[in-house]
file data-v1.cif (mmCIF, C-alpha atoms and all ligand atoms)
data_work
#
loop_
_atom_site.label_atom_id
_atom_site.label_comp_id
_atom_site.auth_asym_id
_atom_site.auth_seq_id
_atom_site.Cartn_x
_atom_site.Cartn_y
_atom_site.Cartn_z
CA MET A 1 2.54 -56.01 11.11
CA GLY A 2 3.82 -52.62 9.87
CA ALA A 3 1.75 -49.46 10.06
CA THR A 4 -0.47 -48.77 7.06
CA PRO A 5 1.20 -46.01 4.98
CA THR A 6 -0.94 -42.86 5.01
CA SER A 7 -0.71 -40.37 2.19
CA THR A 8 -0.50 -36.71 3.17
CA PRO A 9 -2.90 -34.65 1.08
CA ALA A 10 -1.12 -32.30 -1.34
CA PRO A 11 -1.30 -28.67 -0.16
CA LYS A 12 -3.89 -26.47 -1.81
CA THR A 13 -2.32 -24.38 -4.55
CA ASN A 14 -3.15 -21.16 -6.36
CA ARG A 15 -3.45 -20.53 -10.09
CA ILE A 16 0.35 -20.59 -10.58
CA GLY A 17 0.67 -23.82 -8.61
CA LEU A 18 2.11 -22.36 -5.38
CA ALA A 19 0.98 -23.10 -1.85
CA VAL A 20 0.37 -20.40 0.74
CA LEU A 21 3.62 -21.51 2.39
CA ASP A 22 5.49 -20.18 -0.66
CA TYR A 23 4.35 -16.69 0.37
CA LYS A 24 5.42 -16.86 4.01
CA GLY A 25 8.39 -15.07 5.51
CA GLY A 26 10.55 -15.38 8.61
CA LYS A 27 9.10 -15.64 12.10
CA THR A 28 8.04 -12.23 13.36
CA THR A 29 10.07 -10.50 16.07
CA LEU A 30 7.43 -7.79 16.55
CA CYS A 31 5.35 -7.67 19.76
CA ALA A 32 2.49 -10.18 19.96
CA GLY A 33 -0.71 -8.36 18.98
CA CYS A 34 1.06 -5.62 16.98
CA GLY A 35 -1.18 -4.56 14.10
CA HIS A 36 1.77 -4.82 11.71
CA ASN A 37 1.71 -8.63 12.06
CA ALA A 38 -1.93 -8.77 10.91
CA ILE A 39 -1.05 -6.65 7.86
CA SER A 40 1.75 -9.09 6.92
CA GLU A 41 -0.78 -11.92 7.10
CA ARG A 42 -3.18 -10.08 4.80
CA ILE A 43 -0.35 -9.39 2.31
CA ILE A 44 0.49 -13.12 2.26
CA ASP A 45 -3.17 -14.06 1.63
CA ALA A 46 -3.69 -11.42 -1.07
CA MET A 47 -0.48 -12.29 -2.97
CA TYR A 48 -1.35 -15.99 -2.77
CA GLU A 49 -4.92 -15.50 -3.98
CA MET A 50 -3.85 -13.22 -6.81
CA GLY A 51 -1.27 -15.79 -7.89
CA VAL A 52 1.63 -13.33 -7.89
CA GLN A 53 5.01 -14.95 -8.60
CA PRO A 54 7.00 -14.12 -5.42
CA GLU A 55 10.21 -13.55 -7.39
CA ARG A 56 8.48 -10.72 -9.29
CA VAL A 57 7.90 -8.77 -6.07
CA ALA A 58 10.34 -6.19 -4.67
CA LYS A 59 9.65 -5.47 -0.98
CA LEU A 60 10.95 -2.05 -0.02
CA SER A 61 10.98 -0.35 3.34
CA GLY A 62 12.56 2.35 5.48
CA ILE A 63 13.27 2.06 9.22
CA GLY A 64 10.86 1.26 12.06
CA CYS A 65 8.94 -1.75 13.38
CA SER A 66 6.71 -1.42 10.29
CA SER A 67 9.72 -1.32 8.00
CA LYS A 68 11.01 -4.54 9.56
CA SER A 69 7.82 -6.36 8.64
CA PRO A 70 8.75 -7.27 5.01
CA ALA A 71 11.08 -9.83 6.61
CA TYR A 72 7.96 -11.61 7.87
CA PHE A 73 6.27 -12.27 4.53
CA MET A 74 7.36 -13.52 1.11
CA SER A 75 10.91 -14.69 1.73
CA ARG A 76 11.22 -15.59 -1.93
CA ALA A 77 10.75 -11.97 -3.08
CA HIS A 78 13.47 -9.34 -3.50
CA SER A 79 13.89 -7.10 -0.47
CA PHE A 80 15.58 -3.80 0.39
CA ASN A 81 15.34 -2.48 3.95
CA SER A 82 16.66 1.03 3.28
CA VAL A 83 17.20 4.21 5.33
CA HIS A 84 14.66 6.01 7.55
CA GLY A 85 12.22 7.90 5.30
CA ARG A 86 14.14 7.15 2.11
CA MET A 87 12.23 4.15 0.76
CA PRO A 88 10.53 6.18 -2.03
CA SER A 89 13.89 6.83 -3.75
CA VAL A 90 14.78 3.16 -3.59
CA ALA A 91 11.32 2.20 -4.87
CA THR A 92 11.62 4.66 -7.76
CA GLY A 93 15.07 3.38 -8.71
CA SER A 94 13.94 -0.26 -8.54
CA VAL A 95 10.85 0.25 -10.67
CA LEU A 96 12.69 2.31 -13.26
CA ALA A 97 15.48 -0.28 -13.46
CA ASN A 98 12.97 -3.10 -13.88
CA ARG A 99 9.46 -2.04 -14.86
CA HIS A 100 8.21 -5.62 -14.62
CA LEU A 101 8.73 -5.80 -10.86
CA LEU A 102 5.73 -5.52 -8.55
CA ALA A 103 6.98 -2.97 -6.02
CA LEU A 104 5.54 -3.20 -2.53
CA GLY A 105 6.67 -0.48 -0.15
CA VAL A 106 5.98 -0.88 3.56
CA SER A 107 6.51 2.14 5.75
CA GLY A 108 5.48 3.63 9.07
CA ASP A 109 3.73 6.88 9.93
CA GLY A 110 7.03 8.21 11.29
CA ASP A 111 8.95 6.92 8.29
CA SER A 112 6.49 8.49 5.81
CA ALA A 113 4.86 11.50 7.47
CA SER A 114 7.71 12.71 9.69
CA ILE A 115 11.29 12.18 8.48
CA GLY A 116 10.25 10.92 5.04
CA ILE A 117 7.59 13.46 4.11
CA GLY A 118 9.78 15.09 1.44
CA GLN A 119 10.31 11.79 -0.32
CA PHE A 120 6.69 10.72 0.20
CA VAL A 121 5.18 13.78 -1.52
CA HIS A 122 7.38 13.46 -4.58
CA LEU A 123 6.58 9.77 -4.93
CA MET A 124 2.84 10.50 -4.79
CA ARG A 125 2.98 13.07 -7.60
CA ARG A 126 4.66 10.70 -10.07
CA ASN A 127 2.12 7.90 -10.24
CA LEU A 128 4.96 5.38 -10.16
CA PRO A 129 3.53 1.84 -10.18
CA VAL A 130 4.03 0.93 -6.53
CA ILE A 131 1.86 -0.27 -3.66
CA TYR A 132 2.75 1.98 -0.74
CA ILE A 133 1.47 0.89 2.65
CA ILE A 134 1.72 3.03 5.76
CA GLU A 135 1.36 0.92 8.89
CA ASP A 136 -0.03 3.78 10.92
CA ASN A 137 0.10 3.63 14.72
CA GLY A 138 0.53 7.36 15.37
CA VAL A 139 3.85 6.83 17.15
CA TYR A 140 7.49 5.95 16.56
CA GLY A 141 7.10 2.40 17.86
CA LEU A 142 10.71 1.32 17.38
CA THR A 143 12.09 4.25 19.39
CA LYS A 144 9.64 3.76 22.27
CA GLY A 145 6.47 5.58 21.32
CA GLN A 146 6.95 9.31 20.67
CA PHE A 147 4.10 10.99 18.70
CA SER A 148 4.45 10.98 14.94
CA ALA A 149 2.94 13.49 12.49
CA THR A 150 -0.21 11.36 12.05
CA ALA A 151 -1.09 11.47 15.76
CA ASP A 152 -4.49 13.11 16.25
CA LEU A 153 -4.91 16.38 18.06
CA GLY A 154 -5.67 15.59 21.71
CA SER A 155 -4.44 12.00 21.58
CA LYS A 156 -2.72 11.00 24.80
CA LEU A 157 0.54 9.10 25.36
CA LYS A 158 0.86 6.57 28.19
CA THR A 159 2.88 9.16 30.09
CA GLY A 160 -0.08 11.55 29.95
CA VAL A 161 1.49 13.85 27.33
CA ILE A 162 -1.20 15.27 25.01
CA ASN A 163 -0.55 15.82 21.32
CA ASP A 164 -1.16 19.49 20.59
CA LEU A 165 -0.44 19.53 16.85
CA PRO A 166 -2.91 18.67 14.06
CA PRO A 167 -2.27 15.44 12.14
CA ILE A 168 -1.20 15.06 8.53
CA ASP A 169 -3.82 13.03 6.69
CA THR A 170 -1.62 11.01 4.34
CA CYS A 171 -4.65 9.94 2.28
CA ALA A 172 -5.84 13.49 1.62
CA LEU A 173 -2.26 14.45 0.78
CA ALA A 174 -1.78 11.49 -1.58
CA ILE A 175 -5.04 12.25 -3.41
CA GLU A 176 -4.16 15.91 -3.78
CA LEU A 177 -0.71 15.11 -5.09
CA GLY A 178 -1.76 12.59 -7.74
CA ALA A 179 -1.76 9.04 -6.33
CA THR A 180 -4.33 7.05 -8.29
CA PHE A 181 -5.57 4.50 -5.74
CA VAL A 182 -5.97 5.80 -2.23
CA GLY A 183 -7.62 4.19 0.76
CA ARG A 184 -7.56 3.69 4.48
CA SER A 185 -8.14 0.48 6.36
CA PHE A 186 -7.61 -1.00 9.82
CA SER A 187 -5.35 -3.95 10.61
CA GLY A 188 -8.26 -5.43 12.59
CA ASP A 189 -10.64 -5.29 9.60
CA LYS A 190 -9.59 -8.51 7.92
CA LYS A 191 -12.15 -8.57 5.10
CA GLN A 192 -11.81 -4.95 4.04
CA LEU A 193 -8.01 -4.95 4.07
CA HIS A 194 -7.87 -8.23 2.18
CA SER A 195 -10.08 -6.92 -0.66
CA MET A 196 -8.23 -3.62 -0.80
CA LEU A 197 -4.86 -5.36 -1.11
CA LYS A 198 -6.11 -7.59 -3.91
CA ALA A 199 -7.40 -4.55 -5.81
CA ALA A 200 -4.10 -2.78 -5.11
CA ILE A 201 -2.19 -5.64 -6.77
CA SER A 202 -4.30 -5.13 -9.93
CA HIS A 203 -3.88 -1.39 -10.03
CA ARG A 204 -1.45 0.23 -12.44
CA GLY A 205 -0.08 3.37 -10.77
CA THR A 206 0.59 4.56 -7.24
CA VAL A 207 -1.52 2.85 -4.58
CA MET A 208 -1.36 4.54 -1.19
CA LEU A 209 -2.98 2.65 1.66
CA ASP A 210 -2.91 4.06 5.15
CA VAL A 211 -3.63 1.14 7.46
CA VAL A 212 -4.32 2.02 11.09
CA SER A 213 -2.23 -0.54 12.94
CA PRO A 214 -2.24 -0.26 16.73
CA CYS A 215 1.06 -0.37 18.64
CA VAL A 216 0.08 -2.55 21.57
CA THR A 217 3.18 -1.63 23.55
CA PHE A 218 3.11 2.18 23.33
CA ASN A 219 -0.21 3.39 21.93
CA ASP A 220 -3.12 1.10 22.77
CA HIS A 221 -4.38 2.70 25.99
CA GLU A 222 -7.41 4.80 26.93
CA GLY A 223 -6.98 8.28 25.39
CA SER A 224 -5.12 7.05 22.29
CA THR A 225 -6.91 7.53 18.97
CA LYS A 226 -4.98 4.70 17.31
CA SER A 227 -5.93 1.95 19.76
CA TYR A 228 -7.96 -1.17 18.95
CA LYS A 229 -10.81 0.11 21.09
CA TYR A 230 -10.88 3.57 19.53
CA MET A 231 -10.89 2.07 16.04
CA LYS A 232 -13.67 -0.35 16.91
CA ASP A 233 -15.76 2.55 18.22
CA HIS A 234 -14.94 5.13 15.53
CA GLU A 235 -14.33 3.27 12.27
CA GLU A 236 -16.81 4.37 9.57
CA PRO A 237 -16.48 2.21 6.46
CA LEU A 238 -17.42 4.10 3.32
CA GLN A 239 -18.20 0.97 1.33
CA ASP A 240 -18.44 -2.78 1.50
CA ILE A 241 -15.54 -3.74 -0.77
CA ASN A 242 -15.60 -6.66 -3.14
CA PHE A 243 -12.90 -7.42 -5.68
CA VAL A 244 -13.29 -9.72 -8.67
CA PRO A 245 -9.94 -10.48 -10.35
CA ALA A 246 -9.82 -10.60 -14.17
CA PHE A 247 -8.91 -14.29 -14.09
CA GLU A 248 -12.01 -15.22 -12.07
CA GLU A 249 -14.82 -16.31 -14.37
CA ILE A 250 -17.50 -16.93 -11.79
CA ASP A 251 -19.51 -13.87 -11.05
CA VAL A 252 -22.20 -13.09 -8.56
CA GLU A 253 -25.28 -11.01 -9.05
CA TYR A 254 -24.95 -7.57 -7.59
CA ASP A 255 -27.25 -4.67 -7.13
CA ALA A 256 -25.96 -2.19 -9.72
CA GLY A 257 -27.89 0.73 -8.22
CA ALA A 258 -26.32 0.36 -4.81
CA THR A 259 -22.86 -0.50 -6.09
CA VAL A 260 -20.15 1.52 -7.79
CA GLU A 261 -18.14 -0.72 -10.09
CA VAL A 262 -14.66 0.36 -11.20
CA THR A 263 -13.00 -1.61 -13.99
CA MET A 264 -9.31 -1.85 -13.30
CA HIS A 265 -6.63 -1.59 -15.96
CA ASP A 266 -6.27 -5.39 -16.23
CA GLY A 267 -10.03 -5.98 -16.50
CA SER A 268 -10.56 -6.84 -12.83
CA ARG A 269 -13.61 -5.32 -11.17
CA LEU A 270 -13.61 -3.37 -7.94
CA ARG A 271 -17.12 -3.31 -6.51
CA LEU A 272 -17.88 -0.78 -3.85
CA ARG A 273 -21.27 -1.25 -2.25
CA LYS A 274 -22.27 2.11 -0.90
CA LEU A 275 -22.98 2.19 2.79
CA GLU A 276 -23.80 5.87 2.91
CA GLU A 277 -24.97 8.59 0.57
CA ASP A 278 -23.85 8.53 -3.07
CA TYR A 279 -20.11 8.47 -3.11
CA ASP A 280 -18.17 8.59 -6.34
CA PRO A 281 -14.64 7.19 -5.82
CA THR A 282 -13.45 8.73 -9.09
CA ASN A 283 -14.06 12.28 -7.85
CA ARG A 284 -10.89 13.63 -6.20
CA ILE A 285 -12.45 16.78 -4.81
CA GLU A 286 -15.27 14.83 -3.19
CA ALA A 287 -12.74 12.39 -1.71
CA VAL A 288 -10.77 15.13 0.03
CA LYS A 289 -13.99 16.81 1.20
CA ARG A 290 -15.27 13.56 2.77
CA LEU A 291 -11.96 13.08 4.56
CA MET A 292 -12.06 16.60 5.99
CA GLU A 293 -15.67 16.13 7.11
CA SER A 294 -14.84 12.84 8.81
CA HIS A 295 -12.13 14.56 10.87
CA GLU A 296 -14.63 17.17 12.03
CA ARG A 297 -16.95 14.36 13.14
CA ASN A 298 -14.12 12.47 14.91
CA GLU A 299 -14.72 9.48 12.69
CA VAL A 300 -12.05 7.32 11.13
CA LEU A 301 -13.31 6.92 7.59
CA THR A 302 -12.08 3.73 5.91
CA GLY A 303 -12.48 2.36 2.40
CA VAL A 304 -11.37 3.29 -1.11
CA PHE A 305 -11.49 7.08 -1.27
CA TYR A 306 -10.17 7.60 -4.76
CA VAL A 307 -9.35 5.44 -7.76
CA ASN A 308 -8.33 6.31 -11.30
CA PRO A 309 -7.23 3.27 -13.29
CA GLN A 310 -6.65 5.22 -16.53
CA ALA A 311 -4.08 7.84 -15.53
CA PRO A 312 -0.65 7.55 -17.20
CA THR A 313 2.01 6.16 -14.91
CA PHE A 314 5.56 7.44 -14.51
CA ILE A 315 6.65 4.63 -16.85
CA ASP A 316 4.31 5.99 -19.56
CA VAL A 317 5.44 9.57 -18.97
CA LEU A 318 9.08 8.54 -19.38
CA ASN A 319 8.17 6.43 -22.40
CA LEU A 320 10.33 3.57 -21.16
CA VAL A 321 11.06 0.64 -23.44
CA ASP A 322 9.37 -2.60 -22.47
CA GLN A 323 12.58 -4.45 -21.71
CA PRO A 324 13.83 -3.65 -18.20
CA LEU A 325 16.61 -1.04 -18.34
CA ALA A 326 18.63 -3.29 -16.03
CA THR A 327 18.86 -6.00 -18.67
CA LEU A 328 19.41 -3.89 -21.79
CA PRO A 329 22.71 -4.81 -23.43
CA GLU A 330 25.56 -2.30 -23.45
CA SER A 331 25.33 -2.05 -27.22
CA VAL A 332 21.88 -0.47 -26.77
CA VAL A 333 22.42 1.75 -23.75
CA ARG A 334 25.86 3.07 -24.64
CA PRO A 335 26.13 5.42 -27.62
CA GLY A 336 28.82 4.31 -30.08
CA LYS A 337 31.84 6.38 -31.09
CA GLU A 338 30.04 7.75 -34.16
CA ALA A 339 27.14 9.03 -32.04
CA LEU A 340 29.53 10.76 -29.63
CA ASP A 341 31.51 12.25 -32.53
CA ARG A 342 28.25 13.60 -33.94
CA VAL A 343 27.39 15.26 -30.61
CA MET A 344 30.88 16.75 -30.36
CA GLU A 345 30.57 18.05 -33.91
CA GLU A 346 27.27 19.74 -33.02
CA LEU A 347 28.90 21.47 -30.06
CA ARG A 348 31.75 22.97 -32.05
C1 LIG A 401 17.98 9.17 10.13
C2 LIG A 401 17.34 8.49 11.33
N1 LIG A 401 16.72 9.24 12.26
C3 LIG A 401 16.14 8.66 13.33
C4 LIG A 401 16.19 7.31 13.47
C5 LIG A 401 15.56 6.68 14.68
N2 LIG A 401 14.32 6.01 14.36
C6 LIG A 401 14.29 4.71 14.05
S1 LIG A 401 12.76 4.13 13.73
C7 LIG A 401 12.09 5.66 14.04
C8 LIG A 401 10.61 5.91 13.97
C9 LIG A 401 9.80 4.79 13.45
O1 LIG A 401 8.46 5.13 13.49
P1 LIG A 401 7.46 4.60 12.39
O2 LIG A 401 7.96 4.85 11.04
O3 LIG A 401 6.12 5.15 12.71
O4 LIG A 401 7.50 3.02 12.58
P2 LIG A 401 6.89 2.10 13.76
O5 LIG A 401 8.08 1.67 14.53
O6 LIG A 401 5.94 2.90 14.55
O7 LIG A 401 6.24 1.00 13.02
C10 LIG A 401 13.07 6.59 14.38
C11 LIG A 401 12.80 7.99 14.71
C12 LIG A 401 16.85 6.55 12.46
N3 LIG A 401 16.89 5.23 12.50
N4 LIG A 401 17.42 7.17 11.40
S1 LIG A 402 6.73 -1.52 19.72
FE1 LIG A 402 4.68 -1.20 18.91
S2 LIG A 402 4.95 -1.01 16.69
FE2 LIG A 402 6.80 -1.97 17.52
S3 LIG A 402 6.45 -4.17 17.34
FE3 LIG A 402 5.80 -3.55 19.40
S4 LIG A 402 3.60 -3.16 19.20
FE4 LIG A 402 4.47 -3.15 17.12
MG MG A 403 4.59 4.30 13.74
#

call {"tool": "encode", "arguments": {"input": "data-v1.cif", "output": "structure tokens", "more": "lines below"}}
Ligand SMILES: Cc1ncc(C[n+]2csc(CCOP(=O)(O)OP(=O)(O)O)c2C)c(N)n1
Ligand code: SF4
Ligand SMILES: [Mg+2]
result
Amino acid sequence: MGATPTSTPAPKTNRIGLAVLDYKGGKTTLCAGCGHNAISERIIDAMYEMGVQPERVAKLSGIGCSSKSPAYFMSRAHSFNSVHGRMPSVATGSVLANRHLLALGVSGDGDSASIGIGQFVHLMRRNLPVIYIIEDNGVYGLTKGQFSATADLGSKLKTGVINDLPPIDTCALAIELGATFVGRSFSGDKKQLHSMLKAAISHRGTVMLDVVSPCVTFNDHEGSTKSYKYMKDHEEPLQDINFVPAFEEIDVEYDAGATVEVTMHDGSRLRLRKLEEDYDPTNRIEAVKRLMESHERNEVLTGVFYVNPQAPTFIDVLNLVDQPLATLPESVVRPGKEALDRVMEELR
């Protein structure tokens, strides 16, 4: 008698009919336990749950262990692993060539705050629609663990070397320069990072997320301020974050008095349940002040510090046509002979 045929249950799918497998990437080559791997996992989950078509995503990165990580999620998306610190130019070019792409930049603290700081600051002031993630371990992991510009004052390397320069707070910088969705999370805080990424996907404008992501090989020892232990002891979440996408009908009761609700551009709702004193995430000055205060207290403040869903994006400022520039026909983008003759005539 033959074996009874068993039917394999169909995989669970999202609202566009894709399974979570459709969002996976290649097998990671990063060290086991590296925070960057956990961030890739959260990106996969968030993209799957938000029902983003993988082919609409452009993954952009610079150079570093962090910048390698786009290879480990969403193989079906477009990808450009660029030059150290130069991802913002590539991101800007990609978005301007095709405004319908969902640009996801993944960078490191060295890539963004050291060699790439010039490109980083100009990206932040343009409000280009891009999700920019810094996988922040305070060191140059790929080149064996030298301090980066986000390393805290007094943090210690394995060799005993102490960092004697103050850190750049990329969140405070991004807020000051004009990014419109700015937050900090921790690769070990699954729930918070997951909600923040989903909200980031809904946002229209520059999202800058600094995600503390311990380097288990070079910066996870006693004396490091970017280790798992330090983060567990010093993380101070500003809010309990809940995100309700526009396509989700079901709603839960929430305590309006204790919750700040931000309506995103697409109608989604970002609910921030206050854990501390009144905090208004739409107030830029307050956001920078809270960040400065947290440094003085040696706390690592996490959460959504600033959000402005209404600000015009770089696409609005440039008044770009809806059709992607990359697909406009030559007859539209190239002035005809008469137009050129007219210009020449004007210059006579
Ligand atoms: C122009 C240039 N300068 C220096 C390097 C060497 N380099 C490669 S990765 C890296 C630092 C990476 O650090 P980070 O961005 O923090 O990424 P991590 O590896 O820590 O994730 C450096 C200095 C390079 N590849 N190109
Ligand atoms: S060296 Fe550090 S940053 Fe690079 S993969 Fe290993 S743990 Fe991650
Ligand atoms: Mg690094």

call {"tool": "closest_atom_pairs", "arguments": {"input": "data-v1.cif", "of": "chain A", "to": "ligand LIG 402 (chain A)", "cutoff": "8 Å", "atoms": "all atoms listed in the file", "output": "tab-separated table"}}
result
residue	atom	partner	partner_atom	distance
A:Thr29	CA	A:LIG402	S3	7.4
A:Leu30	CA	A:LIG402	S3	3.8
A:Cys31	CA	A:LIG402	FE3	4.2
A:Ala32	CA	A:LIG402	S4	7.1
A:Gly33	CA	A:LIG402	S4	6.8
A:Cys34	CA	A:LIG402	S4	4.2
A:Gly35	CA	A:LIG402	FE4	6.6
A:His36	CA	A:LIG402	FE4	6.3
A:Asn37	CA	A:LIG402	FE4	8.0
A:Gly64	CA	A:LIG402	FE2	7.5
A:Cys65	CA	A:LIG402	FE2	4.7
A:Ser66	CA	A:LIG402	S2	6.7
A:Asn137	CA	A:LIG402	S2	7.0
A:Val139	CA	A:LIG402	S2	7.9
A:Tyr140	CA	A:LIG402	S2	7.4
A:Gly141	CA	A:LIG402	S2	4.2
A:Leu142	CA	A:LIG402	FE2	5.1
A:Thr143	CA	A:LIG402	S1	7.9
A:Lys144	CA	A:LIG402	S1	6.5
A:Gly145	CA	A:LIG402	S1	7.3
A:Pro214	CA	A:LIG402	S4	7.0
A:Cys215	CA	A:LIG402	FE1	3.7
A:Val216	CA	A:LIG402	S4	4.3
A:Thr217	CA	A:LIG402	S4	4.6
A:Phe218	CA	A:LIG402	FE1	5.8
A:Asn219	CA	A:LIG402	FE1	7.4

call {"tool": "closest_residue", "arguments": {"input": "data-v1.cif", "among": "A:Leu104, A:Ala58, A:Ala149, A:Ala91", "to": "ligand MG 403 (chain A)", "atoms": "all atoms listed in the file"}}
result
A:Ala149

call {"tool": "closest_residue", "arguments": {"input": "data-v1.cif", "among": "A:Leu101, A:Ile44, A:Met87, A:Ala287", "to": "ligand LIG 401 (chain A)", "atoms": "only C-alpha atoms and all ligand atoms"}}
result
A:Met87

call {"tool": "closest_residue", "arguments": {"input": "data-v1.cif", "among": "A:Arg284, A:Lys156, A:His84, A:Lys229", "to": "A:Ala113", "atoms": "all atoms listed in the file"}}
result
A:His84

call {"tool": "atom_distance", "arguments": {"input": "data-v1.cif", "atom1": "atom CA of A:Asn98", "atom2": "atom CA of A:His194"}}
result
26.8 Å

call {"tool": "atom_distance", "arguments": {"input": "data-v1.cif", "atom1": "atom CA of A:Tyr72", "atom2": "atom CA of A:Lys27"}}
result
6.0 Å

call {"tool": "atom_distance", "arguments": {"input": "data-v1.cif", "atom1": "atom CA of A:Ser107", "atom2": "atom C7 of ligand LIG 401 (chain A)"}}
result
10.6 Å

call {"tool": "residues_around", "arguments": {"input": "data-v1.cif", "residues": "A:Arg125", "least_positions_apart": "6", "cutoff": "8 Å", "atoms": "all atoms listed in the file", "output": "PyMOL selection string"}}
result
chain A and resi 174+177-179

call {"tool": "write_last_selection", "arguments": {"input": "data-v1.cif", "atoms": "C-alpha atoms", "output": "PDB file, keeping the file's coordinate frame"}}
result
ATOM      1  CA  ALA A 174      -1.780  11.490  -1.580  1.00  0.00           C
ATOM      2  CA  LEU A 177      -0.710  15.110  -5.090  1.00  0.00           C
ATOM      3  CA  GLY A 178      -1.760  12.590  -7.740  1.00  0.00           C
ATOM      4  CA  ALA A 179      -1.760   9.040  -6.330  1.00  0.00           C
TER       5      ALA A 179
END

call {"tool": "axis_aligned_box", "arguments": {"input": "data-v1.cif", "around": "ligand LIG 401 (chain A)", "padding_each_side": "5 Å", "output": "JSON"}}
result
{"center_x": 12.0, "center_y": 5.1, "center_z": 12.4, "size_x": 22.0, "size_y": 18.2, "size_z": 14.6}

call {"tool": "residues_around", "arguments": {"input": "data-v1.cif", "residues": "stretch 169-173 of chain A", "least_positions_apart": "5", "cutoff": "10 Å", "atoms": "only C-alpha atoms", "output": "JSON, numbers by chain"}}
result
{"A": [109, 112, 113, 117, 120, 121, 124, 125, 134, 136, 149, 150, 151, 152, 178, 179, 181, 182, 183, 184, 208, 209, 210, 284, 285, 287, 288, 289, 290, 291, 292, 295, 305, 306]}

call {"tool": "residues_near_point", "arguments": {"input": "data-v1.cif", "point": "(7.1, 9.6, -8.9)", "cutoff": "9 Å", "atoms": "only C-alpha atoms", "output": "short mmCIF file (atom, residue, chain, number, x, y, z; two decimals) with C-alpha atoms, in the frame of the given file"}}
result
data_model
loop_
_atom_site.label_atom_id
_atom_site.label_comp_id
_atom_site.auth_asym_id
_atom_site.auth_seq_id
_atom_site.Cartn_x
_atom_site.Cartn_y
_atom_site.Cartn_z
CA PRO A 88 10.53 6.18 -2.03
CA SER A 89 13.89 6.83 -3.75
CA THR A 92 11.62 4.66 -7.76
CA VAL A 121 5.18 13.78 -1.52
CA HIS A 122 7.38 13.46 -4.58
CA LEU A 123 6.58 9.77 -4.93
CA MET A 124 2.84 10.50 -4.79
CA ARG A 125 2.98 13.07 -7.60
CA ARG A 126 4.66 10.70 -10.07
CA ASN A 127 2.12 7.90 -10.24
CA LEU A 128 4.96 5.38 -10.16
CA PRO A 129 3.53 1.84 -10.18
CA THR A 206 0.59 4.56 -7.24
CA THR A 313 2.01 6.16 -14.91
CA PHE A 314 5.56 7.44 -14.51
#
